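Undergrad: Quick one: the structure is below, questions incoming.
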Amino acid sequence: MIDINLIRENPEYVKKALAKKLWDADFTELLSWDKEKRELMQIVESNKAEMNKLSASVPAAKKAGEDVSKIFVKVKEIAKKNAEFEAKLKELDQRITDYVACLPNIPDDDLVGGGKENNKVIHTFGKKPEFAFKAKDHVELATSLGLVDYDRGAKIAGRGSWIYTNLGARLEWALLNFFISEHLKDGYEFILPPHLLNEESGYVAGQFPKFREDVFWLDGLEPKRFLLPTAETALVNLHRNEILTEDQLPRKYFAYTPCYRREAGSYRTEERGMIRGYQFDKVEMVQYTKPEESDKAFEELVTKAANLVEKLGLHFQISKLAAGDISHSMARTYDIEVYIPSIGIYKEVSSASNARDYQARRGMVRYRDLATGKTRFVHTLNASGLATSRIFPAILEQYQQEDGSVLVPEVLQPFMGGIKVLKPVK
RNA sequence: GGAGAAUUACCCAAGUGGUUGAAGGGGUCGGUCUUGAAAACCGAUAGGGGGUGCAAGCCCCGCUAGGGUUCAAAUCCCUAAUUCUCCGCCA
């Protein structure tokens with residue numbers, strides 16, 4: 001949520017910033033509502049002050065044996081007059097809140113505007129693998145190595161689902177374990193959150209109200225719950241409506257959950273296999289920091305995510321996203337993109353973002369500044385660390401050998417009982 | 001699924017219609033004492049959101065949330081959320 005004070009004080013700045021996100025904002029209406037609201041508030045509140053005063057005088061008047069019924073009449077009069085102002089105020093307030101809640105976050109000043117086409121690769125790691133033989137794609141490899149069963153996945157679940165089988169399941173699990181062990185080493189706290197969340201959580205993360213249709217809603221529970229599209233949604237809600245103390249910051253969490261998303265339907269042929277599904281596994285990192293420390297935390301998250309891919313020995317790049325390509329709630333995003341040889345493109349395996357106070361403001365996540373004793377909004381940041389659904393194919397394709405086998409990256413071997421090579425099943 | 005109880009500040013907790021932002025205790029902070037610590041004693045400390053104002057201040061809203069009754073609500077009524085207990089059912 002953008003601070004309405006900022007819009008009030010500098011609407012042109014906000015408008016310009018949002019334009020970089022390809023968001024056409026016009027605040028004239030909002031600002032007139034806001035002005036009217038504050039005028040109404042003054043009327044309503046001074047009326048209330050008068051009523052309070054009158055009511056408070058009743059006990060003393062009674063004691064003095066005075067006739068208090070006149071006071072009752074007077075207060076009722078004011079109350080009646082005030083009622084319509086109050087109703088108007090409430091309606092106006094709701095309208096303002098609804099409007100502001102839908103605005104996207106303000107992108108950082110150094111970002112270029114526009115969409116995807118303006119993303120910029122800022123680092124490249126390793127070299128594109130070259131094969132002296134005809135390289136296979138990951139679907140072919142996963143099938144021939146008996147790692148993934150697409151047919152039975154479709155049978156038991158339907159389109160957009162697959163089954164990790166045997167060594168495939170172990171490889172998937174090894175990846176997750178590898179990520180987890182690295183985060184533990186770095187002092188992050190491990191969280192296993194519920195996968196069914198309430199509406200408020202989606203609102204705070206910034207997914208709602210705008211993207212209510214992008215998640216799966218469950219029947220049979222009241223109030224309604226949805227399947228989390230990312231563990232970020234759970235993690236940024238951990239401290240909702242809390243005031244942390246300064247020495248509790250930064251808080252560093254990570255969680256493993258499957259992620260459930262509706263977008264799977266939009267397959268392009270280049271994205272077949274496990275690049276997109278209704279469900280995928282991801283380890284997610286989240287940090288809560290003081291505002292002045294979030295830039296540092298952002299760098300840390302990007303580095304951590306990149307290190308994971310690097311340790312896996314994969315060729316990848318880091319892109320700094322243009323304002324229009326970063327998600328609604330975020331002020332800044334870098335993507336870590338791993339190379340998928342069969343389609344010749346780089347696919348996102350981690351998205352590291354700084355939400356600044358956008359989510360904290362929605363969820364009232366604050367901390368007490370020890371020097372001033374005042375409360376301030378924290379900054380929230382998140383980064384995948386990592387999503388397996390693209391790493392898995394990347395490993396198969398980048399580590400494939402001429403004989404159709406696939407080498408297991410060294411760092412994963414301890415998590416796979418020492419298995420070094422995945423061989424085709426006869 | 002059924003029945004009942006609870007929800008007050010950092011924590012525990014008193015408070016059942018009127019200067020109650022709310023007794024008491026713990027905690028925390030400072031001090032006395034002590035070689036140091038503990039104990040004891042003394043003192044300090046009560047949140048949050050918002051309006052207005054250069055500021056001091058003034059005002060509104062705040063006792064889980066949202067409605068209602070009343071001149072007046074932490075206190076009465078309704079609805080919801082959460083927690084606990086008992087019964088049932090069951091991975």
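Ligands are numbered from 1 in the order shown, chains are lettered A, B, ... in the order of the structure tokens, and residues start at 1 in each chain.
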Would you write out, as CSV, a table of all residues in chain A that have an atom no more than 12 Å from an atom of chain B, listing for each the closest atom pair and the distance in Å to one decimal, considering only C-alpha atoms (C1' of nucleotides) and ordering rows by chain and rising residue number?

TA:
residue,atom,partner,partner_atom,distance
A:Lys35,CA,B:G51,C1',11.9
A:Lys37,CA,B:G51,C1',10.3
A:Arg38,CA,B:G51,C1',7.2
A:Glu39,CA,B:G51,C1',9.2
A:Leu40,CA,B:G51,C1',10.1
A:Met41,CA,B:G51,C1',6.9
A:Gln42,CA,B:G51,C1',6.6
A:Ile43,CA,B:G51,C1',10.2
A:Val44,CA,B:C60,C1',8.5
A:Glu45,CA,B:C60,C1',5.2
A:Ser46,CA,B:C59,C1',7.2
A:Asn47,CA,B:C60,C1',9.7
A:Lys48,CA,B:C60,C1',7.4
A:Ala49,CA,B:C59,C1',7.0
A:Glu50,CA,B:C59,C1',10.2
A:Met51,CA,B:C71,C1',8.4
A:Asn52,CA,B:A72,C1',8.1
A:Lys53,CA,B:A72,C1',10.2
A:Leu54,CA,B:C71,C1',7.7
A:Ser55,CA,B:C71,C1',5.5
A:Ala56,CA,B:G18,C1',7.1
A:Ser57,CA,B:G18,C1',9.1
A:Val58,CA,B:C71,C1',7.6
A:Pro59,CA,B:G18,C1',6.2
A:Ala60,CA,B:G18,C1',9.5
A:Ala61,CA,B:G18,C1',11.5
A:Lys62,CA,B:G18,C1',10.8
A:Lys63,CA,B:G18,C1',11.8
A:Val68,CA,B:C71,C1',8.5
A:Ser69,CA,B:C71,C1',8.1
A:Lys70,CA,B:C71,C1',9.3
A:Ile71,CA,B:C71,C1',6.5
A:Phe72,CA,B:C71,C1',4.2
A:Val73,CA,B:C71,C1',7.6
A:Lys74,CA,B:C71,C1',8.4
A:Val75,CA,B:C71,C1',6.2
A:Lys76,CA,B:C71,C1',7.4
A:Glu77,CA,B:C71,C1',10.7
A:Ile78,CA,B:C71,C1',11.1
A:Ala79,CA,B:C71,C1',10.3
A:Asn198,CA,B:A81,C1',11.6
A:Glu222,CA,B:A81,C1',10.7
A:Pro223,CA,B:A81,C1',9.5
A:Asn241,CA,B:G48,C1',10.5
A:Glu242,CA,B:G48,C1',10.7
A:Ile243,CA,B:G48,C1',9.8
A:Leu244,CA,B:C10,C1',11.0
A:Thr245,CA,B:C10,C1',10.9
A:Met364,CA,B:G49,C1',10.5
A:Arg366,CA,B:G48,C1',11.1
A:Arg368,CA,B:G47,C1',11.7
A:Gly373,CA,B:G47,C1',11.7
A:Lys374,CA,B:G48,C1',10.9
A:Thr375,CA,B:G48,C1',9.5

Undergrad: Output N, CA and C atoms of each residue in that selection to a file, as a short mmCIF file (atom, residue, chain, number, x, y, z; two decimals), in the first residue's frame.

TA:
data_model
loop_
_atom_site.label_atom_id
_atom_site.label_comp_id
_atom_site.auth_asym_id
_atom_site.auth_seq_id
_atom_site.Cartn_x
_atom_site.Cartn_y
_atom_site.Cartn_z
N LYS A 35 -9.71 15.22 0.53
CA LYS A 35 -9.94 16.55 1.10
C LYS A 35 -11.30 16.59 1.79
N LYS A 37 -12.97 14.13 2.92
CA LYS A 37 -12.94 13.26 4.10
C LYS A 37 -12.42 14.01 5.32
N ARG A 38 -11.34 14.73 5.12
CA ARG A 38 -10.74 15.41 6.26
C ARG A 38 -11.60 16.56 6.76
N GLU A 39 -12.31 17.19 5.85
CA GLU A 39 -13.23 18.25 6.28
C GLU A 39 -14.36 17.64 7.10
N LEU A 40 -14.88 16.53 6.60
CA LEU A 40 -15.96 15.86 7.32
C LEU A 40 -15.52 15.40 8.70
N MET A 41 -14.27 14.89 8.74
CA MET A 41 -13.76 14.39 10.01
C MET A 41 -13.79 15.48 11.07
N GLN A 42 -13.43 16.67 10.67
CA GLN A 42 -13.38 17.75 11.64
C GLN A 42 -14.76 18.07 12.18
N ILE A 43 -15.74 18.06 11.30
CA ILE A 43 -17.11 18.31 11.74
C ILE A 43 -17.57 17.21 12.69
N VAL A 44 -17.41 15.97 12.21
CA VAL A 44 -17.87 14.82 12.99
C VAL A 44 -17.19 14.78 14.36
N GLU A 45 -15.90 15.02 14.36
CA GLU A 45 -15.16 14.91 15.62
C GLU A 45 -15.48 16.02 16.60
N SER A 46 -15.69 17.23 16.08
CA SER A 46 -16.01 18.30 17.03
C SER A 46 -17.42 18.10 17.60
N ASN A 47 -18.32 17.55 16.78
CA ASN A 47 -19.64 17.20 17.30
C ASN A 47 -19.53 16.15 18.40
N LYS A 48 -18.68 15.16 18.14
CA LYS A 48 -18.50 14.10 19.14
C LYS A 48 -17.91 14.66 20.42
N ALA A 49 -16.99 15.59 20.26
CA ALA A 49 -16.36 16.18 21.44
C ALA A 49 -17.42 16.89 22.29
N GLU A 50 -18.33 17.56 21.61
CA GLU A 50 -19.39 18.27 22.34
C GLU A 50 -20.31 17.28 23.06
N MET A 51 -20.65 16.21 22.36
CA MET A 51 -21.52 15.19 22.98
C MET A 51 -20.85 14.56 24.19
N ASN A 52 -19.58 14.26 24.03
CA ASN A 52 -18.83 13.65 25.14
C ASN A 52 -18.84 14.56 26.36
N LYS A 53 -18.64 15.81 26.10
CA LYS A 53 -18.58 16.79 27.18
C LYS A 53 -19.92 16.84 27.93
N LEU A 54 -20.99 16.91 27.14
CA LEU A 54 -22.33 16.99 27.73
C LEU A 54 -22.63 15.75 28.58
N SER A 55 -22.32 14.60 28.02
CA SER A 55 -22.59 13.35 28.74
C SER A 55 -21.82 13.29 30.05
N ALA A 56 -20.60 13.78 29.99
CA ALA A 56 -19.75 13.72 31.18
C ALA A 56 -20.27 14.64 32.28
N SER A 57 -21.06 15.60 31.90
CA SER A 57 -21.55 16.55 32.90
C SER A 57 -22.78 16.03 33.63
N VAL A 58 -23.33 14.91 33.16
CA VAL A 58 -24.57 14.38 33.74
C VAL A 58 -24.45 14.00 35.22
N PRO A 59 -23.45 13.21 35.60
CA PRO A 59 -23.37 12.80 37.01
C PRO A 59 -23.35 13.98 37.97
N ALA A 60 -22.57 15.00 37.64
CA ALA A 60 -22.47 16.16 38.51
C ALA A 60 -23.81 16.89 38.59
N ALA A 61 -24.45 17.02 37.45
CA ALA A 61 -25.74 17.71 37.41
C ALA A 61 -26.78 16.96 38.23
N LYS A 62 -26.73 15.64 38.14
CA LYS A 62 -27.67 14.80 38.90
C LYS A 62 -27.46 15.03 40.40
N LYS A 63 -26.22 15.02 40.77
CA LYS A 63 -25.86 15.18 42.18
C LYS A 63 -26.38 16.52 42.71
N VAL A 68 -31.69 16.87 34.26
CA VAL A 68 -30.72 16.45 33.25
C VAL A 68 -31.37 16.12 31.91
N SER A 69 -32.68 16.08 31.87
CA SER A 69 -33.34 15.67 30.62
C SER A 69 -33.02 16.64 29.49
N LYS A 70 -32.73 17.89 29.84
CA LYS A 70 -32.38 18.87 28.81
C LYS A 70 -31.07 18.46 28.11
N ILE A 71 -30.17 17.94 28.91
CA ILE A 71 -28.90 17.49 28.35
C ILE A 71 -29.13 16.35 27.36
N PHE A 72 -30.00 15.40 27.78
CA PHE A 72 -30.29 14.26 26.90
C PHE A 72 -30.80 14.74 25.55
N VAL A 73 -31.71 15.68 25.61
CA VAL A 73 -32.31 16.19 24.36
C VAL A 73 -31.24 16.83 23.49
N LYS A 74 -30.41 17.62 24.13
CA LYS A 74 -29.35 18.32 23.39
C LYS A 74 -28.42 17.34 22.68
N VAL A 75 -27.99 16.33 23.42
CA VAL A 75 -27.06 15.35 22.85
C VAL A 75 -27.72 14.62 21.68
N LYS A 76 -28.98 14.26 21.90
CA LYS A 76 -29.68 13.55 20.82
C LYS A 76 -29.76 14.39 19.55
N GLU A 77 -29.95 15.65 19.75
CA GLU A 77 -30.02 16.56 18.60
C GLU A 77 -28.72 16.52 17.80
N ILE A 78 -27.62 16.66 18.54
CA ILE A 78 -26.32 16.66 17.87
C ILE A 78 -26.09 15.32 17.19
N ALA A 79 -26.44 14.26 17.88
CA ALA A 79 -26.22 12.91 17.34
C ALA A 79 -26.97 12.73 16.03
N ASN A 198 -5.85 -17.56 4.89
CA ASN A 198 -7.08 -16.77 4.83
C ASN A 198 -6.89 -15.53 3.95
N GLU A 222 -15.28 -21.97 6.05
CA GLU A 222 -15.69 -20.58 6.24
C GLU A 222 -14.91 -19.99 7.39
N PRO A 223 -14.36 -18.81 7.26
CA PRO A 223 -14.28 -18.06 6.01
C PRO A 223 -13.35 -18.73 5.00
N ASN A 241 0.22 -7.20 12.21
CA ASN A 241 -0.30 -6.54 13.42
C ASN A 241 0.60 -6.70 14.63
N GLU A 242 1.88 -6.75 14.37
CA GLU A 242 2.80 -6.84 15.50
C GLU A 242 3.74 -5.64 15.48
N ILE A 243 4.24 -5.33 16.65
CA ILE A 243 5.30 -4.33 16.75
C ILE A 243 6.53 -5.05 17.25
N LEU A 244 7.51 -5.17 16.39
CA LEU A 244 8.75 -5.85 16.77
C LEU A 244 9.66 -4.83 17.46
N THR A 245 10.63 -5.33 18.20
CA THR A 245 11.59 -4.39 18.75
C THR A 245 12.78 -4.32 17.80
N MET A 364 0.39 -3.84 8.81
CA MET A 364 0.74 -3.17 10.07
C MET A 364 1.88 -3.90 10.79
N ARG A 366 5.32 -3.41 12.20
CA ARG A 366 6.15 -2.28 12.59
C ARG A 366 7.22 -2.70 13.57
N ARG A 368 9.72 -0.90 16.90
CA ARG A 368 9.94 0.28 17.72
C ARG A 368 11.39 0.71 17.62
N GLY A 373 11.79 5.84 20.28
CA GLY A 373 10.62 5.23 20.90
C GLY A 373 9.43 5.17 19.96
N LYS A 374 9.62 5.65 18.74
CA LYS A 374 8.52 5.67 17.76
C LYS A 374 8.42 4.35 17.02
N THR A 375 7.24 4.09 16.47
CA THR A 375 7.09 2.90 15.64
C THR A 375 7.27 3.27 14.18
#

Undergrad: Once DSSP has gone over the backbone, tell me which residues of stretch 224-313 of chain A are in strand (DSSP E), as an MDAnalysis selection string.

TA: chainID A and resid 225:227 243:245 251:260 279:289

Undergrad: Using DSSP assignments from the backbone, pull out every residue in stretch 138-354 of chain A that falls under helix (DSSP H, G or I) and give it to me as a PyMOL selection string.

TA: chain A and resi 138-144+150-156+166-185+199-205+212-214+231-235+246-248+262-265+269-271+273-275+291-311+323-325

Undergrad: Between atom C1' of B:C63 and atom C1' of B:G47, measure the distance and give it in Å to one decimal.

TA: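 Result for atom C1' of B:C63 versus atom C1' of B:G47: 11.6 Å, one decimal.
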
Undergrad: Just the residues within 12 Å of B:G1, please, counting only C-alpha atoms (C1' of nucleotides), with nothing from its chain fewer than 4 positions along; format it as number ranges by chain.

TA: B: 87-90

Undergrad: Got time to write the residues from that selection, N, CA and C atoms (P, O5', C5', C4', C3', O3' and C1' of nucleotides), as a JSON list (two decimals), in the first residue's frame?

TA:
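Below is the file that was written, out_14.json:
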[["chain", "number", "residue", "atom", "x", "y", "z"],
["B", 87, "C", "P", -14.70, -36.51, 27.37],
["B", 87, "C", "O5'", -15.96, -36.52, 26.39],
["B", 87, "C", "C5'", -17.24, -36.95, 26.86],
["B", 87, "C", "C4'", -18.28, -36.75, 25.79],
["B", 87, "C", "C3'", -18.03, -37.46, 24.46],
["B", 87, "C", "O3'", -18.31, -38.84, 24.51],
["B", 87, "C", "C1'", -18.75, -35.25, 24.05],
["B", 88, "G", "P", -17.49, -39.85, 23.56],
["B", 88, "G", "O5'", -18.02, -39.45, 22.12],
["B", 88, "G", "C5'", -19.36, -39.77, 21.74],
["B", 88, "G", "C4'", -19.65, -39.23, 20.37],
["B", 88, "G", "C3'", -18.73, -39.75, 19.25],
["B", 88, "G", "O3'", -19.14, -41.01, 18.78],
["B", 88, "G", "C1'", -18.93, -37.40, 19.07],
["B", 89, "C", "P", -18.04, -42.06, 18.25],
["B", 89, "C", "O5'", -17.56, -41.40, 16.90],
["B", 89, "C", "C5'", -18.43, -41.33, 15.77],
["B", 89, "C", "C4'", -17.77, -40.53, 14.67],
["B", 89, "C", "C3'", -16.40, -41.03, 14.21],
["B", 89, "C", "O3'", -16.50, -42.11, 13.31],
["B", 89, "C", "C1'", -16.29, -38.71, 14.58],
["B", 90, "C", "P", -15.41, -43.32, 13.43],
["B", 90, "C", "O5'", -14.11, -42.65, 12.80],
["B", 90, "C", "C5'", -14.09, -42.34, 11.41],
["B", 90, "C", "C4'", -12.98, -41.39, 11.13],
["B", 90, "C", "C3'", -11.56, -41.91, 11.34],
["B", 90, "C", "O3'", -11.12, -42.74, 10.29],
["B", 90, "C", "C1'", -11.75, -39.75, 12.28]]

Undergrad: Which of these, A:Arg95, A:Lys90, A:Lys347, A:Lys116, has the shortest distance to A:Phe316 once you count only C-alpha atoms?

TA: A:Lys347
